[in-house]
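> As input, take entry-v6.cif (mmCIF, C-alpha atoms):
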```
data_structure
loop_
_atom_site.label_atom_id
_atom_site.label_comp_id
_atom_site.auth_asym_id
_atom_site.auth_seq_id
_atom_site.Cartn_x
_atom_site.Cartn_y
_atom_site.Cartn_z
CA CYS X 163 77.62 -13.81 -46.56
CA TRP X 164 77.76 -13.73 -42.80
CA ALA X 165 74.31 -12.62 -41.70
CA CYS X 166 72.17 -12.51 -38.53
CA VAL X 167 70.13 -15.72 -38.30
CA LEU X 168 67.13 -13.76 -36.99
CA CYS X 169 66.82 -10.68 -39.21
CA GLY X 170 69.09 -11.64 -42.10
CA GLY X 171 71.11 -8.43 -41.81
CA LEU X 172 74.78 -8.57 -42.75
CA LEU X 173 77.04 -8.69 -39.75
CA GLY X 174 80.19 -7.48 -41.39
CA THR X 175 82.76 -6.45 -38.81
CA GLY X 176 80.17 -5.07 -36.35
CA THR X 177 79.25 -6.39 -32.92
CA PHE X 178 77.40 -9.68 -32.88
CA ARG X 179 76.36 -12.31 -30.35
CA ARG X 180 76.37 -16.07 -30.36
CA TYR X 181 72.88 -17.60 -30.28
CA GLY X 182 71.65 -21.19 -30.15
CA ASP X 183 74.01 -23.69 -31.77
CA GLU X 184 76.80 -21.19 -32.24
CA GLU X 185 74.69 -19.15 -34.64
CA ALA X 186 75.41 -15.42 -34.85
CA VAL X 187 72.85 -12.65 -34.30
CA CYS X 188 73.21 -8.91 -34.54
CA GLU X 189 73.24 -6.77 -31.39
CA GLY X 190 69.78 -5.37 -32.12
CA CYS X 191 68.13 -8.79 -32.45
CA TYR X 192 69.98 -10.09 -29.41
CA VAL X 193 68.62 -7.26 -27.25
CA SER X 194 65.10 -7.18 -28.65
CA LEU X 195 64.46 -10.88 -29.34
CA VAL X 196 66.83 -12.98 -27.27
CA LEU X 197 67.26 -11.27 -23.92
CA GLU X 198 64.47 -11.67 -21.33
CA LYS X 199 62.55 -8.56 -20.34
CA CYS X 200 62.77 -7.13 -16.84
CA ALA X 201 59.54 -7.55 -14.88
CA GLY X 202 60.20 -4.16 -13.30
CA CYS X 203 60.92 -1.80 -16.17
CA GLY X 204 60.10 -3.94 -19.21
CA GLU X 205 63.52 -3.41 -20.79
CA ALA X 206 65.88 -6.17 -21.93
CA ALA X 207 67.90 -7.59 -19.07
CA GLU X 208 71.31 -9.20 -19.52
CA GLU X 209 72.37 -9.30 -15.88
CA THR X 210 69.32 -10.57 -14.02
CA VAL X 211 67.88 -11.42 -10.60
CA THR X 212 65.34 -14.23 -10.32
CA CYS X 213 62.84 -15.34 -7.68
CA GLU X 214 62.12 -19.07 -7.21
CA SER X 215 58.56 -18.41 -6.09
CA MET X 216 57.87 -16.32 -9.20
CA PRO X 217 59.11 -18.52 -12.08
CA GLY X 218 59.46 -17.05 -15.54
CA LYS X 219 60.26 -13.52 -14.27
CA VAL X 220 63.61 -11.73 -14.19
CA TRP X 221 64.66 -8.29 -13.00
CA HIS X 222 67.57 -5.95 -13.40
CA PRO X 223 69.36 -5.93 -10.02
CA GLU X 224 68.41 -2.27 -9.62
CA CYS X 225 64.76 -3.02 -10.51
CA PHE X 226 64.41 -5.78 -7.94
CA LYS X 227 62.86 -3.47 -5.34
CA CYS X 228 59.95 -3.08 -2.95
CA SER X 229 56.73 -1.97 -4.65
CA ALA X 230 55.86 0.22 -1.66
CA CYS X 231 59.06 1.98 -0.52
CA SER X 232 61.18 1.41 -3.68
CA GLU X 233 64.17 0.15 -1.69
CA VAL X 234 66.28 -2.44 -3.53
CA LEU X 235 65.58 -5.83 -2.00
CA GLU X 236 68.36 -7.65 -0.20
CA GLY X 237 67.97 -10.69 2.00
CA SER X 238 64.45 -11.85 2.83
CA PHE X 239 61.42 -10.37 1.09
CA HIS X 240 57.81 -11.20 0.24
CA HIS X 241 55.64 -11.04 -2.84
CA LYS X 242 51.91 -10.68 -3.32
CA ASP X 243 50.48 -11.37 -6.74
CA ALA X 244 53.06 -9.82 -9.10
CA SER X 245 54.45 -7.26 -6.63
CA LEU X 246 57.55 -7.48 -4.44
CA PHE X 247 57.73 -6.13 -0.89
CA CYS X 248 60.39 -5.77 1.75
CA ARG X 249 59.56 -7.40 5.11
CA GLY X 250 58.62 -4.12 6.74
CA CYS X 251 56.24 -2.95 4.03
CA PHE X 252 54.65 -6.37 3.66
CA ALA X 253 54.01 -6.47 7.40
CA SER X 254 52.50 -2.99 7.54
CA HIS X 255 50.30 -3.45 4.47
CA PHE X 256 49.12 -7.06 4.63
CA LEU X 257 49.67 -8.76 7.98
CA PRO X 258 46.93 -8.73 10.65
CA ARG X 259 47.54 -6.49 13.66
CA CYS X 260 47.46 -7.56 17.26
CA ALA X 261 44.44 -6.33 19.25
CA ARG X 262 46.71 -5.65 22.25
CA CYS X 263 49.90 -4.02 20.89
CA ALA X 264 48.67 -3.07 17.38
CA LYS X 265 51.87 -4.45 15.81
CA PRO X 266 51.80 -6.77 12.78
CA ILE X 267 51.67 -10.50 13.49
CA GLU X 268 54.20 -12.36 11.36
CA ASP X 269 53.53 -15.87 12.70
CA GLY X 270 51.74 -17.67 15.49
CA ALA X 271 48.58 -15.56 15.29
CA LEU X 272 45.84 -16.40 17.78
CA THR X 273 42.20 -15.61 17.04
CA ALA X 274 39.85 -14.99 19.98
CA LEU X 275 37.16 -12.51 21.04
CA ASP X 276 36.64 -11.62 17.36
CA CYS X 277 40.22 -10.30 17.19
CA THR X 278 43.73 -11.46 16.28
CA TRP X 279 46.52 -11.48 18.87
CA HIS X 280 50.18 -12.30 19.31
CA GLN X 281 50.20 -15.35 21.57
CA SER X 282 52.42 -13.41 23.99
CA CYS X 283 49.87 -10.53 24.07
CA PHE X 284 46.87 -12.72 24.85
CA THR X 285 47.24 -12.25 28.60
CA CYS X 286 44.86 -12.13 31.56
CA ALA X 287 43.50 -8.67 32.34
CA PHE X 288 44.20 -9.22 36.05
CA CYS X 289 47.39 -11.27 36.49
CA SER X 290 48.97 -10.52 33.06
CA LYS X 291 49.95 -14.16 32.59
CA PRO X 292 49.49 -15.69 29.09
CA VAL X 293 46.09 -17.33 28.69
CA THR X 294 46.87 -20.72 27.18
CA SER X 295 43.78 -22.71 28.14
CA LYS X 296 40.89 -23.04 25.72
CA ARG X 297 38.62 -22.20 28.63
CA PHE X 298 38.78 -18.53 29.59
CA HIS X 299 36.49 -15.63 30.37
CA THR X 300 36.36 -12.02 29.23
CA THR X 301 36.00 -8.49 30.55
CA ALA X 302 33.47 -7.71 27.81
CA SER X 303 30.55 -5.69 29.13
CA ALA X 304 28.47 -6.45 26.03
CA PRO X 305 28.78 -8.44 22.79
CA GLY X 306 31.23 -6.80 20.39
CA ASP X 307 33.10 -4.89 23.12
CA VAL X 308 36.30 -3.84 21.29
CA ASP X 309 38.15 -3.29 24.57
CA ALA X 310 37.46 -6.80 25.87
CA ARG X 311 40.39 -8.63 27.46
CA PRO X 312 40.69 -12.30 28.36
CA VAL X 313 40.49 -13.40 31.98
CA CYS X 314 42.01 -16.70 33.13
CA GLU X 315 39.93 -19.15 35.15
CA PRO X 316 41.68 -18.53 38.53
CA CYS X 317 41.34 -14.73 38.20
CA HIS X 318 37.72 -15.04 37.11
CA GLU X 319 37.01 -16.88 40.34
CA SER X 320 38.99 -14.54 42.58
CA HIS X 321 38.17 -11.16 40.96
CA VAL X 322 34.92 -11.49 39.03
CA LEU X 323 32.62 -14.08 40.57
CA PRO X 324 30.49 -12.98 43.56
CA LYS X 325 31.58 -14.37 46.92
CA CYS X 326 29.34 -16.32 49.26
CA GLY X 327 28.35 -14.34 52.33
CA ALA X 328 28.77 -17.45 54.49
CA CYS X 329 31.95 -19.21 53.30
CA ALA X 330 33.51 -16.37 51.25
CA LYS X 331 34.21 -18.74 48.35
CA PRO X 332 33.26 -17.88 44.74
CA ILE X 333 29.74 -18.70 43.63
CA LYS X 334 30.31 -20.51 40.34
CA SER X 335 26.74 -21.57 39.70
CA GLY X 336 24.33 -18.96 38.43
CA SER X 337 21.77 -20.13 41.00
CA CYS X 338 22.25 -18.87 44.54
CA ALA X 339 20.29 -17.71 47.59
CA VAL X 340 20.03 -14.04 48.56
CA PHE X 341 19.62 -13.14 52.21
CA LYS X 342 19.87 -9.61 53.67
CA GLY X 343 21.43 -8.38 50.45
CA GLN X 344 24.11 -11.06 50.41
CA LYS X 345 24.49 -13.86 47.92
CA LEU X 346 25.08 -17.34 49.32
CA HIS X 347 25.69 -20.81 47.95
CA LYS X 348 22.42 -22.68 48.31
CA GLU X 349 24.25 -25.27 50.39
CA CYS X 350 25.52 -22.50 52.70
CA PHE X 351 22.06 -21.04 53.32
CA CYS X 352 21.18 -23.43 56.18
CA CYS X 353 18.63 -23.77 58.91
CA VAL X 354 20.01 -22.65 62.28
CA GLU X 355 18.33 -25.63 63.95
CA CYS X 356 18.86 -28.70 61.73
CA LYS X 357 21.82 -27.30 59.73
CA ASN X 358 20.29 -28.49 56.45
CA PRO X 359 20.11 -26.19 53.41
CA ILE X 360 16.91 -24.17 53.16
CA GLN X 361 14.83 -25.66 50.33
CA SER X 362 11.85 -23.34 50.12
CA LYS X 363 10.16 -21.37 52.91
CA TYR X 364 11.99 -20.19 56.00
CA TYR X 365 11.54 -17.98 59.04
CA GLN X 366 14.00 -15.22 59.75
CA GLN X 367 14.77 -14.97 63.45
CA ASP X 368 17.26 -13.05 65.56
CA LYS X 369 19.58 -16.06 65.77
CA GLY X 370 19.32 -16.92 62.07
CA VAL X 371 16.90 -18.63 59.71
CA ALA X 372 14.84 -21.70 60.45
CA CYS X 373 13.46 -24.04 57.82
CA GLU X 374 9.76 -24.68 57.47
CA GLY X 375 10.16 -28.21 58.86
CA CYS X 376 11.87 -27.09 62.08
CA VAL X 377 9.31 -24.34 62.57
CA ALA X 378 6.50 -26.90 62.13
CA LYS X 379 8.08 -29.22 64.71
CA ALA X 380 8.50 -26.40 67.21
CA THR X 381 4.91 -25.26 66.69
CA SER X 382 3.53 -28.78 67.13
CA SER X 383 5.45 -29.00 70.41
CA GLY X 384 3.73 -25.88 71.65
CA ILE X 385 6.69 -23.59 71.10
CA MET X 386 5.77 -20.17 69.77
CA VAL X 387 7.93 -19.21 66.81
CA ARG X 388 8.44 -15.57 66.00
CA GLY X 389 10.04 -14.37 62.83
CA VAL X 390 9.64 -12.97 59.34
CA LYS X 391 8.55 -15.49 56.78
CA GLY X 392 10.53 -15.77 53.53
CA ARG X 393 11.23 -18.06 50.56
CA ALA X 394 14.59 -19.29 49.34
#
```
Is it possible to express this structure as structure tokens?


Amino acid sequence: CWACVLCGGLLGTGTFRRYGDEEAVCEGCYVSLVLEKCAGCGEAAEETVTCESMPGKVWHPECFKCSACSEVLEGSFHHKDASLFCRGCFASHFLPRCARCAKPIEDGALTALDCTWHQSCFTCAFCSKPVTSKRFHTTASAPGDVDARPVCEPCHESHVLPKCGACAKPIKSGSCAVFKGQKLHKECFCCVECKNPIQSKYYQQDKGVACEGCVAKATSSGIMVRGVKGRA
């Protein structure tokens, strides 16, 4: 008798399928035991879609869809664990967002100031040019400032650093002299007589400041020195 090799049921003149080495199986066994099951709906799948990055799984073409929006996937897509996602849903659900434009970052993410940025969005707060150097500054007013923006080195010097009251150039060093409310490079705070930088004590006069050494010389020569004493 001509019977199904899987269940032993007689095939007769009914529908059957070829299986293995030209063996015959009934339609019921072919669907329930031979065909792979769709990873989407769990039903037997004869016409299937596969994914190279998810081996061992098949889908009905109509079940191969985004787990978030349920749109059938065509072209490029992503998967996370056992779920499929279209590019848009994957980006909105899983990709980091840029601290500047708030859009998802698909590639080329840059991490700085405790945030993630598009490289094209990591721009100077003053000149708007991309900050590409590893050395940069920030507008942060305090640690953890969520509104902090990067500042390039040239703009930090021209817009942020205090300017010397004598030469008008930026004061890069944290140490400086203060005279009449103005900050000065220490090398710019000079004695009006000898032109050397004031090292410690000085005398403030109408024509400028005189160092302690020049005042001592003038005094020893019998010259009376008038002025307000100060310390650099």

> Which residues fall under the PyMOL selection byres ((chain X and resi 314-321) around 9) in this file, as a ChimeraX atom specification?

/X:285-289,291-295,297-300,312-313,322-325,331-334

> Point out the residue among X:Arg249, X:Lys219, X:Lys363, X:Lys345 with the least atom-to-atom distance to Gly202 in chain X, counting all atoms listed in the file.

X:Lys219

> Using the chain letters and residue numbers of this document, give as a VMD selection string the residues selected by the PyMOL selection byres ((chain X and resi 279) around 12).

chain X and resid 257 to 278 280 to 285 292 to 293 311 to 312

> Give me a file of those residues, with C-alpha atoms, as a compact mmCIF listing (two decimals), keeping the file's coordinate frame.


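The resulting out.txt:
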```
# COMPACT_ATOMS: atom_id res chain seq x y z
CA LEU X 257 49.67 -8.76 7.98
CA PRO X 258 46.93 -8.73 10.65
CA ARG X 259 47.54 -6.49 13.66
CA CYS X 260 47.46 -7.56 17.26
CA ALA X 261 44.44 -6.33 19.25
CA ARG X 262 46.71 -5.65 22.25
CA CYS X 263 49.90 -4.02 20.89
CA ALA X 264 48.67 -3.07 17.38
CA LYS X 265 51.87 -4.45 15.81
CA PRO X 266 51.80 -6.77 12.78
CA ILE X 267 51.67 -10.50 13.49
CA GLU X 268 54.20 -12.36 11.36
CA ASP X 269 53.53 -15.87 12.70
CA GLY X 270 51.74 -17.67 15.49
CA ALA X 271 48.58 -15.56 15.29
CA LEU X 272 45.84 -16.40 17.78
CA THR X 273 42.20 -15.61 17.04
CA ALA X 274 39.85 -14.99 19.98
CA LEU X 275 37.16 -12.51 21.04
CA ASP X 276 36.64 -11.62 17.36
CA CYS X 277 40.22 -10.30 17.19
CA THR X 278 43.73 -11.46 16.28
CA HIS X 280 50.18 -12.30 19.31
CA GLN X 281 50.20 -15.35 21.57
CA SER X 282 52.42 -13.41 23.99
CA CYS X 283 49.87 -10.53 24.07
CA PHE X 284 46.87 -12.72 24.85
CA THR X 285 47.24 -12.25 28.60
CA PRO X 292 49.49 -15.69 29.09
CA VAL X 293 46.09 -17.33 28.69
CA ARG X 311 40.39 -8.63 27.46
CA PRO X 312 40.69 -12.30 28.36
```

> Could you please determine the separation between CA of His241 in chain X and CA of Pro217 in chain X in Å, to one decimal place?

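Straight-line distance from CA of His241 in chain X to CA of Pro217 in chain X works out to 12.4 Å.
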
> Mind giving me the straight-line distance from CA of Trp221 in chain X to CA of Val187 in chain X in Å, one decimal?

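Taking CA of Trp221 in chain X as the start and CA of Val187 in chain X as the end point, the length is 23.2 Å.
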
> Please evaluate the PyMOL selection byres ((chain X and resi 248) around 6) against the structure above and give the resulting residues as a CSV table (one decimal) with C-alpha atoms, keeping the file's coordinate frame.


```csv
chain,number,residue,atom,x,y,z
X,228,CYS,CA,60.0,-3.1,-3.0
X,239,PHE,CA,61.4,-10.4,1.1
X,247,PHE,CA,57.7,-6.1,-0.9
X,249,ARG,CA,59.6,-7.4,5.1
X,250,GLY,CA,58.6,-4.1,6.7
X,251,CYS,CA,56.2,-3.0,4.0
```

> Between X:Ala378, X:Leu246, X:Ala206, X:Val211, which has the minimum distance to Glu233 in chain X (counting all atoms listed in the file)?

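Selected residue with least distance to Glu233 in chain X: X:Leu246.
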